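Single-structure report; data block below.
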Amino acid sequence: MASQPPVTPPSVPSAANSGPVTGERGPADAPLREEALAQHPAPPAAVTSPWMHTFIAAAAHDLKNEMAVVRGTSQLLERRMRRGPPLDVDWFLSGLALIACSTTKMHTLVEEFFDLSRVESGQPLQLNRQPTDLIALARACVEAHARTTPQVLVLATTLDSLVGDWDAARLERVLANLVSNAIKYGAAGRAIRVVVEADASGRREVAVVSVQDQGAGILEQDLPHVFEPFYRGSNAVGQVEGTGIGLFGARAIVEQLGGTLELHSTEAVGTTATLRLPLTA
């Protein structure tokens with residue numbers, strides 16, 4: 001299987017020591033707020049459970065961090081613009097990419113909140129199935145994460161495209177969760193491989209994605225619990241930040257798409273997450 005060249009991250013502007021930026025909301029913002037509310041109606045009443053309280057506390061912390069990145073980077077870009085030419089286009093593009101990555105993370109947290117509320121209340125997810133190219137999604141995911149980490153990410157596939165009847169936005173979240181976990185727990189200096197294949201050996205053709213890291217691994221006693229909401233591995237508590245619902249939500253999405261999500265791990269060797277999805281419903 002041929003590996004595509006490693007994706008290496010560009011340098012990005014630092015958001016440290018930034019001054020204040022003020023902004024006003026006016027009547028023009030109202031249609032945008034109404035559209036956002038229409039797209040995300042209020043979650044069911046079950047969100048008052050202890051699960052949701054735990055998630056909200058963890059998500060608020062993560063949202064605060066990402067908002068600080070967006071605010072600080074935008075301040076740096078504004079100050080540099082005010083100084084006038086010459087402008088370093090690559091530096092500006094790196095800053096905008098950093099902002100885009102942080103806003104994507106915030107959007108993902110919000111979407112996880114709504115999906116968690118539906119799953120907990122026993123409601124099925126409202127899937128938006130459409131022809132989706134898994135190769136394109138995987139490539140975009142690898143490139144986006146490579147911009148924010150010094151670790152080397154490699155997309156390995158022999159396929160130009162692999163189209164299935166999936167919910168593109170949710171599948172993108174699943175891939176992002178698996179890749180971000182590999183980055184968090186992978187060893188510095190060791191490549192993370194994202195392998196995409198098609199398997200036609202069974203009754204239905206399926207897409208197979210494997211995300212492989214060479215990191216700390218998951219302790220044997222923790223493995224049976226990794227898909228439980230808010231469960232954190234004993235070697236991750238206090239070491240790696242997170243809400244503890246990523247894998248829980250990812251498996252819920254994959255199962256409603258008719259697939260499976262499994263983790264195989266060896267302590268001090270690494271972890272492989274394997275996603276299998278039928279191409280048709």
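By order of appearance in the structure tokens: chains A, B, ..., then residues from 1 within every chain, and ligands from 1 in the order shown.
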Problem - alpha helix (DSSP H) per DSSP on the backbone: members of stretch 215-260 of chain A, as a PyMOL selection string - result: chain A and resi 246-256
Selection file, N, CA and C atoms, as a PDB file, in the first residue's frame:
```pdb
ATOM      1  N   GLY A 246     -15.849  11.646  23.497  1.00  0.00           N
ATOM      2  CA  GLY A 246     -15.520  11.549  22.077  1.00  0.00           C
ATOM      3  C   GLY A 246     -15.758  10.168  21.503  1.00  0.00           C
ATOM      4  N   LEU A 247     -15.201   9.141  22.145  1.00  0.00           N
ATOM      5  CA  LEU A 247     -15.360   7.783  21.634  1.00  0.00           C
ATOM      6  C   LEU A 247     -16.787   7.290  21.799  1.00  0.00           C
ATOM      7  N   PHE A 248     -17.430   7.676  22.884  1.00  0.00           N
ATOM      8  CA  PHE A 248     -18.823   7.311  23.096  1.00  0.00           C
ATOM      9  C   PHE A 248     -19.688   7.846  21.953  1.00  0.00           C
ATOM     10  N   GLY A 249     -19.516   9.121  21.633  1.00  0.00           N
ATOM     11  CA  GLY A 249     -20.282   9.727  20.552  1.00  0.00           C
ATOM     12  C   GLY A 249     -19.910   9.170  19.196  1.00  0.00           C
ATOM     13  N   ALA A 250     -18.614   8.901  18.992  1.00  0.00           N
ATOM     14  CA  ALA A 250     -18.168   8.360  17.712  1.00  0.00           C
ATOM     15  C   ALA A 250     -18.785   6.996  17.453  1.00  0.00           C
ATOM     16  N   ARG A 251     -18.793   6.138  18.468  1.00  0.00           N
ATOM     17  CA  ARG A 251     -19.383   4.808  18.272  1.00  0.00           C
ATOM     18  C   ARG A 251     -20.888   4.913  18.015  1.00  0.00           C
ATOM     19  N   ALA A 252     -21.579   5.827  18.704  1.00  0.00           N
ATOM     20  CA  ALA A 252     -23.017   6.002  18.480  1.00  0.00           C
ATOM     21  C   ALA A 252     -23.285   6.380  17.018  1.00  0.00           C
ATOM     22  N   ILE A 253     -22.460   7.283  16.466  1.00  0.00           N
ATOM     23  CA  ILE A 253     -22.627   7.683  15.074  1.00  0.00           C
ATOM     24  C   ILE A 253     -22.366   6.506  14.141  1.00  0.00           C
ATOM     25  N   VAL A 254     -21.261   5.811  14.368  1.00  0.00           N
ATOM     26  CA  VAL A 254     -20.867   4.704  13.497  1.00  0.00           C
ATOM     27  C   VAL A 254     -21.927   3.606  13.508  1.00  0.00           C
ATOM     28  N   GLU A 255     -22.445   3.277  14.684  1.00  0.00           N
ATOM     29  CA  GLU A 255     -23.447   2.210  14.772  1.00  0.00           C
ATOM     30  C   GLU A 255     -24.732   2.596  14.061  1.00  0.00           C
ATOM     31  N   GLN A 256     -25.127   3.880  14.137  1.00  0.00           N
ATOM     32  CA  GLN A 256     -26.330   4.282  13.428  1.00  0.00           C
ATOM     33  C   GLN A 256     -26.108   4.350  11.916  1.00  0.00           C
TER      34      GLN A 256
END
```
Problem - Contacts of stretch 165-175 of chain A within 9 Å, only C-alpha atoms, excl. fewer than 5 positions in-chain, as a ChimeraX atom specification - result: /A:108,111-112,127-134,137-138,141,180,209,211,246-247,249-251,253-254,257,277-281
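Of the residues listed (A:Leu77, A:Ala200, A:Met67, A:Leu116), A:Met67 shows the shortest atom-to-atom separation from A:Ser102; distances use only C-alpha atoms.
Across the structure, atom CA of A:Gly189 and atom CA of A:Gly215 are spaced 10.1 Å apart.
Residues in contact with A:Leu275 at up to 6 Å, not including ones fewer than 4 positions away on its chain and judged by only C-alpha atoms, are A:Val208, A:Val209, A:Thr260, A:Leu261.
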N, CA and C atoms of the current selection, written as a compact mmCIF listing (two decimals), in the first residue's frame:
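In the end it all went to out.txt:
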```txt
# COMPACT_ATOMS: atom_id res chain seq x y z
N VAL A 208 -12.92 0.62 5.32
CA VAL A 208 -12.18 0.35 6.56
C VAL A 208 -11.16 1.47 6.76
N VAL A 209 -11.23 2.11 7.92
CA VAL A 209 -10.27 3.15 8.28
C VAL A 209 -9.57 2.71 9.57
N THR A 260 -19.10 -0.46 12.58
CA THR A 260 -18.49 -0.81 13.88
C THR A 260 -17.27 0.05 14.11
N LEU A 261 -16.95 0.26 15.39
CA LEU A 261 -15.75 0.99 15.78
C LEU A 261 -15.11 0.22 16.92
```
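Take the candidates A:Val110, A:Leu219, A:Ile183, A:Ile135 and check each one against A:Val196 using only C-alpha atoms; the shortest distance goes to A:Ile135.
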Practice task
Kindly indicate which residue among A:Lys64, A:Thr148, A:Leu155, A:Leu162 lies nearest to A:Glu205, using only C-alpha atoms for the distances.
Solution key: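 Ranking A:Lys64, A:Thr148, A:Leu155, A:Leu162 by distance to A:Glu205, first place goes to A:Leu162.
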Exercise for the section: For atom CA of A:Arg276 and atom CA of A:Ala100, determine how far apart the two atoms are, in Å to one decimal place. Expected result: 28.8 Å
Exercise for the section: May I ask for the distance between atom CA of A:Asp90 and atom CA of A:Thr157, given in Å to one decimal place? Expected result: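 About the pair atom CA of A:Asp90 and atom CA of A:Thr157: they are 29.3 Å apart.
Here the question is which of A:Arg203, A:Asp62, A:Ala97, A:Asp88 gets nearest to A:Arg147 using only C-alpha atoms, and that residue is A:Ala97.
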Practice task
Considering only C-alpha atoms, state which residue in the set A:His225, A:Arg193, A:Arg232, A:Arg204 is at the smallest distance from A:Gly258.
Solution key: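 The shortest atom-to-atom distance to A:Gly258 comes from A:Arg204.
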Exercise for the section: Run DSSP on the backbone and grab whatever in stretch 117-265 of chain A lands in strand (DSSP E or B); send it over as a ChimeraX atom specification. Expected result: /A:129-133,153-156,163-167,192-199,206-213,260-265
